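To keep things clear, I will list the structure first and then write my remarks on it.
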Amino acid sequence: MSLRKDKEIGTARGKILRKVFISLVIFLFIALSVLATEPYDILFSTDEDFSLNLLRPADDNLVYYSAGSYDISSLISPGTLPPEVNIDALSIVGANTVVFSLDEDAFLPGVGLVADEDLISFDGLNFSLWWDGSANGLPPEVNLDAVHVISPTEFLFSLEEDAILPDVGLVADEDIIRFSGGTFTMELDGSAIGIPPEADVDAVAILPNTTPVTYILSLRSANFIDGNLYCHSDLIAYSVGGFSKFFDAEANGIPPEVNINAVEILGRTHVPDWMLINR
Ligand SMILES: [Ca+2]
Ligand SMILES: [Ca+2]
Ligand SMILES: [Ca+2]
Ligand SMILES: [Ca+2]
């Protein structure tokens, strides 16, 4: 084979490699852009009543955040719950149906006494006892302070106090536990992944359609994780890659004294059918 032919083949190979490389760069750029711009809406509740522009959200309201603006959600309209109760955990489980928990035992219309470790559902008309905490093995003295429903029979939760649970044993208030098919398992061992033992996780959700799974967490009080300070209203993303700030509530107008104590994340483009809601 002549030197010239060798050169031609080399040049052709170089061109192909360059094209492959450029295509790869373009593909990665598009993939990363899609990831970065995936629009999410946030539904949350706070530990206290507060003022936000013209809104006056109460601790038993759900606040809806979308593209820089806030509204009080009509999923549980103001005045639906007794004014003395505080929602401390929330998840969307179906068309207009919210599963939530309260931070103290209370009487609810149509249900009667519900405990702070129970999960209650509201479909826009009626309250029902969705999951009876103590009947399923939670010590009655603990408070369930975070929930994320994965399917009608499986959910993640956290407790406000350290406690001993069936199947898993001692769980801490920064841990996330999975309840599935009647069995408790450790989903996220908080201190093992770097959350300080003195911190309490008070809200949990899962970012829709993420692989590996990305959890969204909030803390009850400000703490350092991996050298970064997260305050009580921050939403923190956690996946195998580590922790990052997902939503800075204070930078988005929430008064610094207000703690976000319940959260749900809604993907605008990839919401599972069973989670579709009218907002
Ligand atoms: Ca609340
Ligand atoms: Ca509760
Ligand atoms: Ca907790
Ligand atoms: Ca919090």
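Ligands are numbered from 1 in the order shown, residues from 1 within each chain, and chains are lettered A, B, ... in the order they appear in the structure tokens.
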Find the residues near ligand 1. Use a cut-off of 9 Å, count only C-alpha atoms and all ligand atoms, and write them as a ChimeraX atom specification.
/A:44-49,58-62,85-89,102-103,259-262
Name each residue within 12 Å of ligand 3, counting only C-alpha atoms and all ligand atoms, as a VMD selection string.
chain A and resid 88 to 89 103 117 142 to 147 156 to 163 171 to 177 188 to 190 195 197 to 204 217 to 221 261 to 262
For Phe247 (chain A), the nearest of the candidates A:Cys231, A:Leu119, A:Met186, A:Leu165, counting only C-alpha atoms
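Of the candidates, the smallest distance to Phe247 (chain A) is held by A:Cys231.
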Rank A:Val263, A:Gly182, A:Arg56, A:Ser69 by their smallest atom-to-atom distance to Ser101 (chain A), using only C-alpha atoms, and report the top residue only.
A:Val263
Contacts of region 63-66 of chain A within 10 Å, only C-alpha atoms, excl. fewer than 4 positions in-chain, as a PyMOL selection string
chain A and resi 39-46+55+57-59+70-76+252+263-266+268+279
Since we have the selection now, will you write its residues out, keeping N, CA and C atoms, as an mmCIF file, in the first residue's frame?
```
data_model
loop_
_atom_site.group_PDB
_atom_site.id
_atom_site.type_symbol
_atom_site.label_atom_id
_atom_site.label_comp_id
_atom_site.auth_asym_id
_atom_site.auth_seq_id
_atom_site.Cartn_x
_atom_site.Cartn_y
_atom_site.Cartn_z
ATOM 1 N N PRO A 39 -38.401 20.904 34.577
ATOM 2 C CA PRO A 39 -39.132 21.781 35.488
ATOM 3 C C PRO A 39 -39.857 21.009 36.585
ATOM 4 N N TYR A 40 -39.646 21.440 37.787
ATOM 5 C CA TYR A 40 -40.334 20.835 38.925
ATOM 6 C C TYR A 40 -41.155 21.878 39.648
ATOM 7 N N ASP A 41 -42.319 21.484 40.114
ATOM 8 C CA ASP A 41 -43.104 22.316 41.001
ATOM 9 C C ASP A 41 -42.976 21.736 42.402
ATOM 10 N N ILE A 42 -43.138 22.588 43.382
ATOM 11 C CA ILE A 42 -42.945 22.163 44.768
ATOM 12 C C ILE A 42 -44.215 22.446 45.565
ATOM 13 N N LEU A 43 -44.642 21.459 46.308
ATOM 14 C CA LEU A 43 -45.770 21.623 47.224
ATOM 15 C C LEU A 43 -45.187 21.459 48.621
ATOM 16 N N PHE A 44 -45.437 22.410 49.510
ATOM 17 C CA PHE A 44 -44.851 22.279 50.853
ATOM 18 C C PHE A 44 -45.771 22.835 51.917
ATOM 19 N N SER A 45 -45.448 22.505 53.170
ATOM 20 C CA SER A 45 -46.129 23.101 54.305
ATOM 21 C C SER A 45 -45.052 23.598 55.257
ATOM 22 N N THR A 46 -45.431 24.531 56.122
ATOM 23 C CA THR A 46 -44.450 25.116 57.040
ATOM 24 C C THR A 46 -44.873 24.851 58.483
ATOM 25 N N LEU A 55 -49.983 36.656 50.248
ATOM 26 C CA LEU A 55 -50.484 35.383 50.792
ATOM 27 C C LEU A 55 -50.257 35.324 52.288
ATOM 28 N N PRO A 57 -50.121 32.086 54.267
ATOM 29 C CA PRO A 57 -50.237 30.639 54.456
ATOM 30 C C PRO A 57 -50.181 30.266 55.941
ATOM 31 N N ALA A 58 -51.038 29.332 56.330
ATOM 32 C CA ALA A 58 -51.049 28.828 57.701
ATOM 33 C C ALA A 58 -50.327 27.488 57.739
ATOM 34 N N ASP A 59 -49.997 27.031 58.965
ATOM 35 C CA ASP A 59 -49.230 25.782 59.082
ATOM 36 C C ASP A 59 -50.046 24.551 58.691
ATOM 37 N N TYR A 70 -45.723 31.792 44.079
ATOM 38 C CA TYR A 70 -46.363 30.983 45.121
ATOM 39 C C TYR A 70 -47.872 31.136 45.078
ATOM 40 N N ASP A 71 -48.546 30.106 45.559
ATOM 41 C CA ASP A 71 -49.992 30.169 45.717
ATOM 42 C C ASP A 71 -50.355 29.223 46.864
ATOM 43 N N ILE A 72 -51.524 29.431 47.465
ATOM 44 C CA ILE A 72 -51.975 28.466 48.462
ATOM 45 C C ILE A 72 -52.761 27.397 47.712
ATOM 46 N N SER A 73 -52.358 26.125 47.878
ATOM 47 C CA SER A 73 -52.962 25.039 47.106
ATOM 48 C C SER A 73 -54.403 24.800 47.523
ATOM 49 N N SER A 74 -55.229 24.481 46.521
ATOM 50 C CA SER A 74 -56.629 24.159 46.807
ATOM 51 C C SER A 74 -56.811 22.664 47.086
ATOM 52 N N LEU A 75 -55.701 21.898 47.118
ATOM 53 C CA LEU A 75 -55.821 20.469 47.439
ATOM 54 C C LEU A 75 -56.404 20.284 48.842
ATOM 55 N N ILE A 76 -55.940 21.122 49.770
ATOM 56 C CA ILE A 76 -56.590 21.196 51.095
ATOM 57 C C ILE A 76 -56.834 22.686 51.325
ATOM 58 N N ASN A 252 -35.684 32.574 48.007
ATOM 59 C CA ASN A 252 -36.915 32.681 47.215
ATOM 60 C C ASN A 252 -38.048 33.340 47.998
ATOM 61 N N VAL A 263 -42.929 18.230 52.323
ATOM 62 C CA VAL A 263 -42.681 18.592 50.923
ATOM 63 C C VAL A 263 -43.084 17.469 49.972
ATOM 64 N N GLU A 264 -43.530 17.880 48.784
ATOM 65 C CA GLU A 264 -43.749 16.967 47.661
ATOM 66 C C GLU A 264 -43.214 17.661 46.423
ATOM 67 N N ILE A 265 -42.560 16.892 45.540
ATOM 68 C CA ILE A 265 -42.038 17.465 44.299
ATOM 69 C C ILE A 265 -42.865 16.918 43.137
ATOM 70 N N LEU A 266 -43.292 17.803 42.273
ATOM 71 C CA LEU A 266 -44.129 17.410 41.140
ATOM 72 C C LEU A 266 -43.385 17.710 39.851
ATOM 73 N N ARG A 268 -43.261 18.399 36.064
ATOM 74 C CA ARG A 268 -44.308 18.908 35.162
ATOM 75 C C ARG A 268 -44.466 18.039 33.936
ATOM 76 N N ARG A 279 -54.085 21.186 39.668
ATOM 77 C CA ARG A 279 -53.487 22.115 40.612
ATOM 78 C C ARG A 279 -54.330 23.355 40.731
#
```
Which residues come within 12 Å of Gly110 (chain A), counting only C-alpha atoms, excluding same-chain residues fewer than 2 positions away, as a PyMOL selection string?
chain A and resi 81+107-108+112-114+120-122+125-129
Sel. of strand (DSSP E) residues, region 123-221 of chain A, as a ChimeraX atom specification:
/A:127-131,144-151,154-159,163-165,169-171,176-180,183-188,201-206,215-219
